[in-house]
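The data block below is structure_16.cif; it holds mmCIF, C-alpha atoms and all ligand atoms.
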```
data_structure
loop_
_atom_site.label_atom_id
_atom_site.label_comp_id
_atom_site.auth_asym_id
_atom_site.auth_seq_id
_atom_site.Cartn_x
_atom_site.Cartn_y
_atom_site.Cartn_z
CA MET A 1 106.51 4.90 4.36
CA ALA A 2 104.84 2.59 6.86
CA GLU A 3 105.15 -1.18 7.07
CA VAL A 4 101.97 -3.19 7.65
CA ARG A 5 102.25 -6.79 8.84
CA VAL A 6 99.58 -9.17 7.54
CA GLY A 7 99.50 -12.60 9.20
CA VAL A 8 98.13 -15.33 6.92
CA ILE A 9 96.88 -18.68 8.24
CA MET A 10 97.47 -21.11 5.36
CA ASN A 11 95.42 -24.33 5.52
CA GLY A 12 95.80 -27.20 3.01
CA VAL A 13 99.25 -25.98 2.15
CA THR A 14 100.82 -29.45 2.11
CA GLY A 15 98.72 -30.19 -1.00
CA ARG A 16 99.71 -29.79 -4.63
CA MET A 17 98.23 -26.31 -5.14
CA GLY A 18 98.89 -25.15 -1.59
CA THR A 19 102.60 -25.91 -1.75
CA ASN A 20 103.48 -25.01 -5.33
CA GLN A 21 101.26 -22.11 -6.26
CA HIS A 22 100.21 -20.55 -2.96
CA LEU A 23 103.19 -21.02 -0.67
CA VAL A 24 106.27 -21.26 -2.91
CA ARG A 25 105.27 -19.12 -5.89
CA SER A 26 103.01 -16.62 -4.09
CA VAL A 27 103.32 -16.01 -0.35
CA ALA A 28 107.00 -17.00 0.06
CA ALA A 29 107.84 -15.20 -3.20
CA ILE A 30 106.07 -12.04 -1.98
CA ARG A 31 107.94 -12.26 1.33
CA ASP A 32 111.27 -12.80 -0.48
CA GLN A 33 110.75 -9.78 -2.72
CA GLY A 34 110.27 -7.66 0.41
CA GLY A 35 106.47 -7.52 0.47
CA VAL A 36 103.92 -5.64 -1.64
CA THR A 37 103.59 -1.89 -1.87
CA GLY A 38 100.14 -0.32 -1.95
CA THR A 39 99.18 2.69 -4.05
CA ASN A 40 99.57 4.76 -0.85
CA GLY A 41 103.27 3.82 -0.76
CA ASP A 42 102.95 1.71 2.39
CA ARG A 43 104.36 -1.81 2.31
CA ILE A 44 102.73 -5.06 3.36
CA VAL A 45 104.98 -7.59 5.06
CA VAL A 46 103.34 -11.00 4.83
CA ASP A 47 103.79 -13.42 7.73
CA PRO A 48 102.43 -16.93 7.06
CA ILE A 49 101.60 -19.69 9.53
CA LEU A 50 101.15 -23.13 7.96
CA VAL A 51 98.33 -25.24 9.37
CA GLY A 52 97.36 -28.85 8.70
CA ARG A 53 97.12 -32.32 10.19
CA ASP A 54 100.62 -33.75 9.80
CA ALA A 55 103.20 -32.09 12.08
CA GLU A 56 106.16 -33.71 10.35
CA ARG A 57 105.14 -32.60 6.87
CA LEU A 58 104.29 -29.10 8.06
CA ALA A 59 107.62 -28.73 9.83
CA ALA A 60 109.50 -29.91 6.73
CA LEU A 61 107.52 -27.60 4.43
CA ALA A 62 107.99 -24.65 6.76
CA HIS A 63 111.71 -25.34 7.02
CA ALA A 64 112.12 -25.71 3.24
CA ASN A 65 110.48 -22.32 2.70
CA GLY A 66 111.99 -20.36 5.57
CA VAL A 67 108.64 -20.12 7.38
CA GLU A 68 108.97 -20.02 11.16
CA ARG A 69 105.40 -20.73 12.21
CA TRP A 70 103.31 -23.87 11.72
CA SER A 71 100.54 -25.57 13.68
CA THR A 72 98.20 -28.57 13.71
CA ASP A 73 95.56 -26.65 15.66
CA LEU A 74 93.34 -24.63 13.34
CA ASP A 75 91.07 -23.39 16.12
CA ALA A 76 94.03 -21.98 18.05
CA CYS A 77 95.30 -20.27 14.88
CA LEU A 78 91.89 -18.73 14.25
CA ALA A 79 91.74 -17.51 17.85
CA ASP A 80 94.95 -15.49 17.37
CA SER A 81 93.87 -11.94 16.56
CA ASN A 82 97.36 -11.13 15.24
CA ASP A 83 96.68 -13.05 12.03
CA ALA A 84 94.08 -11.27 9.92
CA VAL A 85 93.74 -13.61 6.91
CA TYR A 86 92.60 -17.23 6.57
CA PHE A 87 93.55 -19.04 3.36
CA ASP A 88 92.14 -22.44 2.35
CA SER A 89 93.39 -24.86 -0.32
CA GLN A 90 92.13 -28.02 1.32
CA ARG A 91 90.26 -30.66 -0.65
CA THR A 92 87.14 -28.91 -1.92
CA GLU A 93 84.55 -30.66 0.27
CA LEU A 94 86.40 -29.67 3.47
CA ARG A 95 86.50 -25.98 2.61
CA ALA A 96 83.08 -24.68 3.70
CA GLU A 97 83.36 -25.84 7.32
CA SER A 98 86.77 -24.24 7.85
CA VAL A 99 85.78 -21.05 6.03
CA ARG A 100 82.70 -20.78 8.28
CA LYS A 101 84.93 -21.02 11.35
CA ALA A 102 87.30 -18.41 9.95
CA ILE A 103 84.44 -15.98 9.24
CA ALA A 104 83.11 -16.53 12.76
CA ALA A 105 86.59 -15.68 14.07
CA GLY A 106 86.50 -12.40 12.11
CA LYS A 107 89.21 -13.33 9.60
CA HIS A 108 89.35 -12.05 6.04
CA VAL A 109 89.15 -15.14 3.83
CA TYR A 110 90.86 -16.06 0.57
CA CYS A 111 90.40 -19.54 -0.83
CA GLU A 112 90.87 -21.90 -3.73
CA LYS A 113 88.07 -22.66 -6.13
CA PRO A 114 85.51 -24.19 -6.05
CA ILE A 115 84.48 -22.28 -2.95
CA SER A 116 82.25 -25.25 -2.02
CA THR A 117 80.63 -28.29 -3.59
CA SER A 118 77.07 -26.86 -3.60
CA LEU A 119 75.59 -23.54 -4.64
CA GLU A 120 73.50 -23.38 -1.48
CA GLU A 121 76.63 -23.61 0.63
CA ALA A 122 78.52 -21.11 -1.56
CA LEU A 123 75.72 -18.55 -1.18
CA ASP A 124 75.58 -19.19 2.53
CA LEU A 125 79.31 -18.44 2.80
CA ALA A 126 78.78 -15.24 0.78
CA ARG A 127 75.97 -14.25 3.15
CA LEU A 128 78.05 -14.98 6.26
CA ALA A 129 80.97 -13.01 4.84
CA ARG A 130 78.73 -10.03 4.08
CA GLU A 131 77.10 -10.13 7.52
CA ALA A 132 80.49 -10.33 9.21
CA GLY A 133 81.85 -7.53 7.02
CA ILE A 134 84.99 -9.51 6.19
CA LYS A 135 86.94 -9.22 2.95
CA ASN A 136 86.74 -12.29 0.78
CA GLY A 137 88.27 -13.68 -2.37
CA VAL A 138 88.33 -16.82 -4.49
CA VAL A 139 91.18 -17.91 -6.78
CA GLN A 140 90.47 -17.04 -10.43
CA ASP A 141 93.97 -17.65 -11.70
CA LYS A 142 93.24 -18.15 -15.41
CA LEU A 143 92.36 -14.46 -15.70
CA PHE A 144 95.95 -13.59 -14.84
CA LEU A 145 97.76 -16.04 -17.11
CA PRO A 146 99.88 -14.31 -19.77
CA GLY A 147 98.05 -15.91 -22.71
CA PHE A 148 94.62 -14.79 -21.50
CA ARG A 149 95.85 -11.33 -20.59
CA LYS A 150 97.09 -10.97 -24.16
CA LEU A 151 93.70 -12.21 -25.39
CA LYS A 152 91.94 -9.62 -23.23
CA ARG A 153 94.24 -6.98 -24.68
CA LEU A 154 93.12 -8.00 -28.19
CA ILE A 155 89.46 -7.77 -27.18
CA ASP A 156 89.93 -4.38 -25.52
CA GLY A 157 91.77 -3.16 -28.64
CA GLY A 158 88.87 -4.18 -30.90
CA PHE A 159 90.91 -6.77 -32.82
CA PHE A 160 88.10 -9.27 -33.39
CA GLY A 161 85.28 -7.10 -34.75
CA ARG A 162 82.17 -9.04 -33.71
CA ILE A 163 83.12 -12.16 -31.74
CA LEU A 164 81.24 -15.17 -33.08
CA SER A 165 82.50 -18.18 -31.22
CA VAL A 166 84.94 -19.47 -28.63
CA ARG A 167 86.21 -23.04 -28.57
CA GLY A 168 88.35 -24.38 -25.77
CA GLU A 169 90.31 -27.59 -25.38
CA PHE A 170 91.46 -28.33 -21.84
CA GLY A 171 93.09 -31.50 -20.65
CA TYR A 172 95.79 -34.10 -20.73
CA TRP A 173 96.18 -37.77 -19.99
CA VAL A 174 96.06 -38.46 -16.25
CA PHE A 175 97.64 -41.86 -15.74
CA GLU A 176 95.40 -44.48 -14.21
CA GLY A 177 97.97 -45.31 -11.55
CA ASP A 178 98.78 -48.89 -12.52
CA TRP A 179 101.95 -48.88 -14.61
CA GLN A 180 102.60 -45.18 -14.03
CA THR A 181 101.43 -43.23 -10.97
CA GLY A 182 98.59 -40.75 -11.51
CA GLN A 183 99.62 -37.10 -11.54
CA ARG A 184 96.46 -35.88 -9.81
CA PRO A 185 95.25 -36.84 -6.30
CA SER A 186 92.80 -39.78 -6.32
CA TRP A 187 90.01 -37.77 -4.60
CA ASN A 188 89.53 -36.00 -7.95
CA TYR A 189 87.93 -39.21 -9.28
CA ARG A 190 85.56 -39.84 -6.33
CA LYS A 191 82.26 -37.95 -6.10
CA GLU A 192 81.99 -38.72 -2.38
CA ASP A 193 85.29 -36.85 -1.83
CA GLY A 194 84.30 -33.73 -3.80
CA GLY A 195 85.92 -34.83 -7.09
CA GLY A 196 84.79 -34.62 -10.72
CA ILE A 197 85.95 -32.54 -13.67
CA ILE A 198 82.64 -30.65 -13.99
CA VAL A 199 82.86 -29.36 -10.40
CA ASP A 200 86.57 -28.68 -10.89
CA MET A 201 86.61 -26.94 -14.28
CA LEU A 202 83.22 -25.31 -14.93
CA CYS A 203 83.92 -22.80 -12.16
CA HIS A 204 87.06 -21.77 -14.05
CA TRP A 205 85.12 -21.48 -17.32
CA ARG A 206 82.49 -19.32 -15.62
CA TYR A 207 84.82 -16.52 -14.52
CA LEU A 208 86.95 -16.77 -17.64
CA LEU A 209 83.97 -16.47 -20.01
CA ASP A 210 82.09 -13.91 -17.87
CA ASN A 211 85.09 -11.62 -17.52
CA THR A 212 86.52 -12.02 -21.02
CA PHE A 213 83.57 -12.23 -23.42
CA GLY A 214 80.27 -11.66 -21.60
CA GLU A 215 78.06 -13.40 -19.09
CA VAL A 216 77.21 -17.06 -19.49
CA LYS A 217 73.47 -17.24 -20.18
CA SER A 218 72.84 -20.95 -20.66
CA VAL A 219 74.63 -24.29 -20.62
CA SER A 220 74.40 -27.73 -22.16
CA CYS A 221 76.84 -30.24 -20.73
CA LEU A 222 77.57 -33.90 -21.34
CA GLY A 223 79.81 -35.56 -18.79
CA ALA A 224 81.48 -38.96 -18.98
CA THR A 225 83.42 -41.33 -16.77
CA HIS A 226 85.73 -42.72 -19.40
CA ILE A 227 88.09 -44.59 -17.03
CA PRO A 228 85.94 -46.50 -14.51
CA GLN A 229 88.74 -47.78 -12.28
CA ARG A 230 91.99 -46.18 -11.14
CA ILE A 231 94.76 -46.95 -8.63
CA ASP A 232 95.18 -44.67 -5.62
CA GLU A 233 98.27 -43.25 -3.89
CA ALA A 234 98.61 -46.42 -1.76
CA GLY A 235 98.50 -48.68 -4.82
CA ASN A 236 94.91 -49.86 -4.22
CA PRO A 237 92.33 -50.02 -7.02
CA TYR A 238 89.23 -47.86 -6.57
CA ALA A 239 86.09 -47.17 -8.57
CA ALA A 240 85.97 -43.78 -10.31
CA THR A 241 82.58 -42.52 -9.14
CA THR A 242 82.51 -39.21 -10.94
CA ASP A 243 83.08 -37.61 -14.33
CA ASP A 244 86.57 -37.38 -15.84
CA ALA A 245 85.51 -35.54 -19.01
CA ALA A 246 82.96 -32.83 -19.79
CA TYR A 247 81.81 -31.59 -23.19
CA ALA A 248 80.03 -28.30 -22.53
CA THR A 249 78.44 -25.64 -24.72
CA PHE A 250 77.58 -22.18 -23.40
CA GLU A 251 75.53 -19.32 -24.84
CA LEU A 252 77.03 -15.98 -23.84
CA GLU A 253 75.71 -12.46 -23.69
CA GLY A 254 75.65 -10.95 -27.19
CA GLY A 255 75.00 -14.29 -28.90
CA ILE A 256 78.57 -15.64 -28.64
CA VAL A 257 78.69 -19.44 -28.69
CA ALA A 258 81.36 -21.06 -26.51
CA HIS A 259 82.22 -24.74 -26.43
CA ILE A 260 84.84 -26.13 -24.07
CA ASN A 261 85.99 -29.73 -23.81
CA SER A 262 87.56 -30.61 -20.46
CA SER A 263 89.16 -34.01 -20.10
CA TRP A 264 91.66 -35.97 -18.05
CA CYS A 265 91.48 -38.71 -20.69
CA VAL A 266 92.91 -37.01 -23.73
CA ARG A 267 96.42 -37.01 -25.19
CA VAL A 268 97.76 -33.58 -26.03
CA TYR A 269 98.29 -32.54 -29.66
CA ARG A 270 98.23 -28.77 -29.17
CA ASP A 271 100.68 -26.16 -27.97
CA GLU A 272 99.46 -25.95 -24.36
CA LEU A 273 97.29 -27.87 -21.87
CA PHE A 274 94.49 -25.35 -22.37
CA THR A 275 93.89 -23.48 -25.60
CA LEU A 276 91.00 -21.23 -26.50
CA GLN A 277 90.28 -20.27 -30.10
CA VAL A 278 88.27 -17.10 -30.65
CA ASP A 279 86.81 -16.33 -34.07
CA GLY A 280 85.54 -12.86 -34.95
CA THR A 281 84.51 -11.08 -38.10
CA GLU A 282 87.82 -9.18 -38.31
CA GLY A 283 90.22 -11.78 -37.01
CA SER A 284 90.84 -14.88 -34.90
CA ALA A 285 93.13 -15.76 -32.01
CA LEU A 286 94.36 -18.83 -30.22
CA ALA A 287 95.17 -18.16 -26.57
CA GLY A 288 96.93 -20.59 -24.27
CA LEU A 289 98.35 -20.39 -20.77
CA ARG A 290 101.34 -18.33 -21.90
CA GLU A 291 101.06 -17.62 -25.61
CA CYS A 292 98.52 -16.00 -27.88
CA LYS A 293 98.53 -16.09 -31.68
CA THR A 294 96.38 -14.15 -34.12
CA GLN A 295 95.24 -14.30 -37.70
CA HIS A 296 93.77 -11.13 -39.14
CA ARG A 297 91.16 -11.31 -41.91
CA ALA A 298 93.79 -9.91 -44.29
CA ASN A 299 96.06 -12.90 -43.57
CA THR A 300 93.36 -15.54 -43.78
CA PRO A 301 94.10 -18.24 -46.38
CA LYS A 302 91.36 -19.49 -48.71
CA PRO A 303 91.34 -23.28 -48.58
CA VAL A 304 89.07 -25.30 -50.86
CA TRP A 305 87.85 -28.71 -49.73
CA ASN A 306 89.67 -31.37 -51.72
CA PRO A 307 90.78 -34.50 -49.90
CA ASP A 308 92.17 -35.93 -53.16
CA VAL A 309 95.30 -33.76 -53.08
CA ALA A 310 97.80 -32.99 -50.33
CA SER A 311 97.00 -29.65 -48.66
CA PRO A 312 98.98 -26.80 -50.24
CA PHE A 313 98.62 -24.82 -46.99
CA ASP A 314 100.65 -24.79 -43.83
CA PHE A 315 97.78 -23.58 -41.70
CA PHE A 316 99.94 -23.10 -38.61
CA ALA A 317 102.36 -20.79 -40.43
CA ASP A 318 99.82 -18.03 -41.06
CA TRP A 319 99.45 -17.05 -37.40
CA GLN A 320 101.40 -14.33 -35.61
CA ASP A 321 102.51 -14.22 -31.97
CA VAL A 322 101.10 -11.46 -29.80
CA PRO A 323 104.15 -9.87 -28.12
CA ASP A 324 104.44 -9.87 -24.32
CA ASN A 325 104.76 -6.06 -24.07
CA ALA A 326 104.76 -6.52 -20.27
CA VAL A 327 106.29 -8.65 -17.56
CA PHE A 328 103.82 -11.32 -16.49
CA GLU A 329 104.16 -12.52 -12.92
CA ASN A 330 102.82 -15.86 -11.69
CA ALA A 331 99.02 -15.70 -12.00
CA PHE A 332 98.41 -16.86 -8.42
CA LYS A 333 100.90 -14.32 -7.06
CA VAL A 334 99.22 -11.48 -8.95
CA GLN A 335 95.90 -12.33 -7.31
CA TRP A 336 97.49 -12.76 -3.86
CA GLU A 337 99.02 -9.30 -4.11
CA MET A 338 95.65 -7.82 -5.09
CA PHE A 339 93.93 -9.53 -2.16
CA LEU A 340 96.60 -8.49 0.37
CA LYS A 341 96.32 -4.86 -0.77
CA HIS A 342 92.53 -5.14 -0.49
CA VAL A 343 92.90 -6.38 3.10
CA ALA A 344 95.57 -3.92 4.22
CA PHE A 345 94.66 -0.78 2.29
CA ASP A 346 91.10 -1.38 1.13
CA GLU A 347 92.22 -1.30 -2.51
CA PRO A 348 89.55 -2.49 -4.97
CA TYR A 349 89.13 -6.22 -5.44
CA ASP A 350 86.08 -7.74 -7.04
CA LEU A 351 86.72 -11.49 -7.29
CA GLY A 352 84.92 -12.39 -4.10
CA PHE A 353 82.73 -15.18 -2.75
CA MET A 354 79.81 -14.23 -5.02
CA ASP A 355 82.02 -14.79 -8.06
CA GLY A 356 83.07 -18.09 -6.52
CA ALA A 357 79.39 -18.93 -6.07
CA LYS A 358 78.73 -18.20 -9.76
CA GLY A 359 81.34 -20.83 -10.63
CA VAL A 360 79.67 -23.40 -8.39
CA GLN A 361 76.31 -22.44 -9.92
CA LEU A 362 77.58 -23.22 -13.43
CA ALA A 363 79.08 -26.52 -12.26
CA GLU A 364 75.76 -27.51 -10.67
CA LEU A 365 73.84 -26.54 -13.79
CA GLY A 366 76.34 -28.51 -15.90
CA LEU A 367 75.76 -31.61 -13.80
CA ARG A 368 71.98 -31.13 -14.00
CA SER A 369 72.09 -30.56 -17.75
CA TRP A 370 73.97 -33.83 -18.14
CA ALA A 371 71.56 -35.73 -15.86
CA GLU A 372 68.45 -34.29 -17.54
CA ARG A 373 69.98 -34.23 -21.04
CA ARG A 374 68.85 -30.65 -21.77
CA TRP A 375 69.88 -26.97 -22.02
CA LEU A 376 69.54 -24.92 -18.83
CA ASP A 377 69.42 -21.15 -18.36
CA VAL A 378 71.79 -19.55 -15.85
CA PRO A 379 69.65 -17.36 -13.55
CA PRO A 380 71.13 -14.23 -11.91
CA LEU A 381 72.45 -14.80 -8.39
CA SER A 382 72.02 -12.73 -5.29
CA ILE A 383 73.08 -13.26 -1.70
CA PRO A 384 70.18 -14.77 0.24
CA ASP A 385 69.04 -12.57 3.06
CA ARG A 386 68.24 -14.69 6.06
CA MET A 387 66.26 -11.88 7.73
CA ILE A 388 64.01 -11.43 4.69
CA GLN A 389 63.47 -15.17 4.39
CA ARG A 390 62.58 -15.36 8.05
CA GLU A 391 60.14 -12.45 7.78
CA GLU A 392 58.49 -14.00 4.75
CA ALA A 393 58.15 -17.32 6.57
CA ILE A 394 56.43 -15.59 9.50
CA ARG A 395 53.99 -13.63 7.32
N1 LIG B 1 93.18 -22.94 -9.26
C1 LIG B 1 93.53 -24.05 -9.86
O1 LIG B 1 93.94 -24.04 -11.02
C2 LIG B 1 93.44 -25.36 -9.14
C3 LIG B 1 94.08 -26.49 -9.66
C4 LIG B 1 93.99 -27.68 -8.95
C5 LIG B 1 93.26 -27.75 -7.77
N2 LIG B 1 92.63 -26.64 -7.31
C6 LIG B 1 91.84 -26.69 -6.06
O2 LIG B 1 92.73 -26.69 -4.95
C7 LIG B 1 92.22 -27.52 -3.91
C8 LIG B 1 93.30 -28.53 -3.51
O3 LIG B 1 93.63 -29.33 -4.63
P1 LIG B 1 95.03 -30.10 -4.70
O4 LIG B 1 95.14 -30.61 -6.08
O5 LIG B 1 96.09 -29.25 -4.13
O6 LIG B 1 94.72 -31.33 -3.72
P2 LIG B 1 95.71 -32.13 -2.75
O7 LIG B 1 95.05 -33.42 -2.47
O8 LIG B 1 97.09 -32.14 -3.30
O9 LIG B 1 95.75 -31.23 -1.42
C9 LIG B 1 94.64 -31.21 -0.55
C10 LIG B 1 95.01 -30.59 0.80
O10 LIG B 1 93.91 -30.85 1.69
C11 LIG B 1 94.41 -31.54 2.85
N3 LIG B 1 93.44 -32.55 3.30
C12 LIG B 1 93.04 -33.63 2.62
N4 LIG B 1 92.20 -34.36 3.39
C13 LIG B 1 92.06 -33.70 4.55
C14 LIG B 1 91.28 -33.91 5.75
N5 LIG B 1 90.51 -34.99 5.87
N6 LIG B 1 91.37 -33.00 6.72
C15 LIG B 1 92.15 -31.90 6.60
N7 LIG B 1 92.89 -31.64 5.49
C16 LIG B 1 92.85 -32.52 4.49
C17 LIG B 1 95.67 -32.22 2.41
O11 LIG B 1 96.50 -32.48 3.53
C18 LIG B 1 96.27 -31.20 1.45
O12 LIG B 1 96.95 -30.22 2.19
C19 LIG B 1 90.95 -28.15 -4.44
O13 LIG B 1 89.84 -27.43 -3.94
C20 LIG B 1 91.04 -27.96 -5.94
O14 LIG B 1 89.76 -27.80 -6.55
C21 LIG B 1 92.72 -25.46 -7.96
#
```
Would you mind writing the file's structure down as structure tokens?
Amino acid sequence: MAEVRVGVIMNGVTGRMGTNQHLVRSVAAIRDQGGVTGTNGDRIVVDPILVGRDAERLAALAHANGVERWSTDLDACLADSNDAVYFDSQRTELRAESVRKAIAAGKHVYCEKPISTSLEEALDLARLAREAGIKNGVVQDKLFLPGFRKLKRLIDGGFFGRILSVRGEFGYWVFEGDWQTGQRPSWNYRKEDGGGIIVDMLCHWRYLLDNTFGEVKSVSCLGATHIPQRIDEAGNPYAATTDDAAYATFELEGGIVAHINSSWCVRVYRDELFTLQVDGTEGSALAGLRECKTQHRANTPKPVWNPDVASPFDFFADWQDVPDNAVFENAFKVQWEMFLKHVAFDEPYDLGFMDGAKGVQLAELGLRSWAERRWLDVPPLSIPDRMIQREEAIR
């Protein structure tokens, strides 16, 4: 069996996601397990090079993870034809420019979501990727979380009958930074730096809803900036210039109604930081990041509204855990392995830039819905063809 080396240029890897999910739990974990084996039996050996601005931090991160190569010169990294893949988990608004450079250098590109901060830019990246013939992928990690894989299993097994509605609760309290430091980077709360919960989360909801229940057809979204001032990493107060909560309703293919609240200003009284309840004619389920519980119609209690007496029901007790029945690997790692096999062996992979663009599209429509205070349809997307546009302009 052959060994195939895949060099991966990792940019933005000193950040929260870059370090924890992409370097430690994915690329370094894949390297430590001896690589990934394709369906052809050949094995990919992954060889990362960490790139960023701060030499000291890069050197420390590389050392801590047994990575030999790091650099502060992105252009030089992109010029090295020995490294086939460019990965980007920089702050969102910096992504498009670096991805453009990577495509121009002929790299295959994998990146964090959102792929960009505007749909126009996302579609342009998809067009450039197609024209260059490079392989491309965008992180869609929620699809690979154990709880949502169990939910998908229930759907595929026909558990729900006809699905009626989906209601999601995402969020937790992000400290303002005064008496306790904030647990998210401050750029998340500044529009001018690519922040905002609508841009951040609606792209997740797009691929999760599209791939689990049916395509999102329309959206109504109300955003809010509940906490107007926060304290940044240096201890300085700053104005929050973008939304920190979003209350969004979606109509899905087949008439399913989905409503998802996303908030960094909510205290958690649920089992996990994101839970999704699905109600169908035959049964219901509550999926979280790791767990999934069900209630079949046969086990459904029959409460009667009477606030004058204490409830005789323990509503939580009537739900059953869906068993694992499989070993679930880290969601980011699962997707990394798929992408690496796509690059090295041309194995199928369909979570590309166009899917990333769909996420940005929904985020943009959510922001517009909020601004215009109305429902908006989600039109189908296609990659713009510059040649056709040019020809039409000439005619
Ligand atoms: N998939 C998910 O569940 C998930 C969760 C959180 C964040 N994200 C996405 O991951 C990306 C990074 O988020 P994060 O929370 O890790 O942010 P972070 O602030 O912790 O990291 C950002 C990275 O960008 C780099 N960077 C910042 N400013 C820069 C500049 N001016 N020039 C060059 N590099 C610069 C930083 O050095 C760091 O490496 C964002 O696009 C975010 O939307 C995804």
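The space between atom CA of Lys293 of chain A and atom CA of Gln320 of chain A spans 5.2 Å.
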### Task
May I ask you to write as a ChimeraX atom specification all residues lying at most 6 Å from ligand LIG 1 (chain B), with only C-alpha atoms and all ligand atoms counted?
/A:12-18,89-92,112-114,139,141,185,200
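Proximity to Asn11 of chain A at 7 Å, evaluated using only C-alpha atoms and with sequence-adjacent residues fewer than 3 positions away removed, yields Leu50, Val51, Gly52, Phe87, Asp88, Ser89 and Gln90 of chain A.
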Only C-alpha atoms, please: the residues just picked out, written as an mmCIF file, in the coordinates of the input.
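Dumped everything to selection_8.cif:
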```
data_model
loop_
_atom_site.group_PDB
_atom_site.id
_atom_site.type_symbol
_atom_site.label_atom_id
_atom_site.label_comp_id
_atom_site.auth_asym_id
_atom_site.auth_seq_id
_atom_site.Cartn_x
_atom_site.Cartn_y
_atom_site.Cartn_z
ATOM 1 C CA LEU A 50 101.150 -23.130 7.960
ATOM 2 C CA VAL A 51 98.330 -25.240 9.370
ATOM 3 C CA GLY A 52 97.360 -28.850 8.700
ATOM 4 C CA PHE A 87 93.550 -19.040 3.360
ATOM 5 C CA ASP A 88 92.140 -22.440 2.350
ATOM 6 C CA SER A 89 93.390 -24.860 -0.320
ATOM 7 C CA GLN A 90 92.130 -28.020 1.320
#
```
Can I get the residues of segment 159-223 of chain A within 10 Å of segment 371-378 of chain A, each with the closest pair of atoms and their distance in Å to one decimal, using only C-alpha atoms, sorted chain first then ascending number, as a Markdown table?
```
| residue | atom | partner | partner_atom | distance |
| --- | --- | --- | --- | --- |
| A:Glu215 | CA | A:Val378 | CA | 9.4 |
| A:Val216 | CA | A:Val378 | CA | 7.0 |
| A:Lys217 | CA | A:Val378 | CA | 5.2 |
| A:Ser218 | CA | A:Asp377 | CA | 4.1 |
| A:Val219 | CA | A:Leu376 | CA | 5.4 |
| A:Ser220 | CA | A:Trp375 | CA | 4.6 |
| A:Cys221 | CA | A:Trp375 | CA | 7.8 |
| A:Leu222 | CA | A:Arg373 | CA | 7.6 |
| A:Gly223 | CA | A:Ala371 | CA | 8.8 |
```
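Atom CA of Ser26 of chain A is positioned 8.9 Å from atom CA of Ala331 of chain A.
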### Task
Have a look at A:Ser262, A:Leu123, A:Ile9, A:Leu340 and name the one nearest to Leu74 of chain A; count all atoms listed in the file.
A:Ile9
Would you pick out the contacts of Thr241 of chain A at 9 Å or less, using only C-alpha atoms, so that residues sharing its chain but fewer than 6 positions from it are not included, and give the list as a PDB file with C-alpha atoms, in the frame of the given file?
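Result file out00.pdb:
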```pdb
ATOM      1  CA  TYR A 189      87.930 -39.210  -9.280  1.00  0.00           C
ATOM      2  CA  ARG A 190      85.560 -39.840  -6.330  1.00  0.00           C
ATOM      3  CA  LYS A 191      82.260 -37.950  -6.100  1.00  0.00           C
ATOM      4  CA  GLU A 192      81.990 -38.720  -2.380  1.00  0.00           C
ATOM      5  CA  GLY A 195      85.920 -34.830  -7.090  1.00  0.00           C
ATOM      6  CA  GLY A 196      84.790 -34.620 -10.720  1.00  0.00           C
ATOM      7  CA  THR A 225      83.420 -41.330 -16.770  1.00  0.00           C
ATOM      8  CA  PRO A 228      85.940 -46.500 -14.510  1.00  0.00           C
ATOM      9  CA  GLN A 229      88.740 -47.780 -12.280  1.00  0.00           C
TER      10      GLN A 229
END
```
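For the set A:Arg5, A:His226, A:His22, A:Arg184, the residue with the smallest atom-to-atom gap to Asn82 of chain A is A:Arg5, counting all atoms listed in the file.
Residues within 9 Å of Asp279 of chain A, counting all atoms listed in the file and excluding same-chain residues fewer than 3 positions away, are Phe160, Arg162, Ile163, Leu164, Ser165, Val166, Arg167, Glu282, Gly283, Ser284, Ala285 and Leu286 of chain A.
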### Straight-line distance linking atom CA of Gln295 of chain A with atom CA of Phe170 of chain A, stated in Å to one decimal
21.5 Å
### Task
Identify, on the basis of all atoms listed in the file, every residue whose closest approach to Gly359 of chain A does not exceed 12 Å; exclude the query and any residue fewer than 2 positions from it along the same chain; express the result as an MDAnalysis selection string.
chainID A and resid 112:119 122:123 138:140 198:210 215:216 351:357 361:366 378 381
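Distances from A:Ala344, A:Gly280, A:Thr242, A:Tyr269 to Val45 of chain A were compared using all atoms listed in the file, and the smallest one belongs to A:Ala344.
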Identify, on the basis of all atoms listed in the file, every residue whose closest approach to Met338 of chain A does not exceed 10 Å; exclude the query and any residue fewer than 3 positions from it along the same chain; express the result as a compact mmCIF listing (two decimals) with C-alpha atoms, in the coordinates of the input.
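Final output, out-v7.txt:
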```txt
# COMPACT_ATOMS: atom_id res chain seq x y z
CA VAL A 36 103.92 -5.64 -1.64
CA GLY A 38 100.14 -0.32 -1.95
CA GLY A 137 88.27 -13.68 -2.37
CA LYS A 333 100.90 -14.32 -7.06
CA VAL A 334 99.22 -11.48 -8.95
CA GLN A 335 95.90 -12.33 -7.31
CA LYS A 341 96.32 -4.86 -0.77
CA HIS A 342 92.53 -5.14 -0.49
CA VAL A 343 92.90 -6.38 3.10
CA GLU A 347 92.22 -1.30 -2.51
CA PRO A 348 89.55 -2.49 -4.97
CA TYR A 349 89.13 -6.22 -5.44
CA ASP A 350 86.08 -7.74 -7.04
CA LEU A 351 86.72 -11.49 -7.29
```
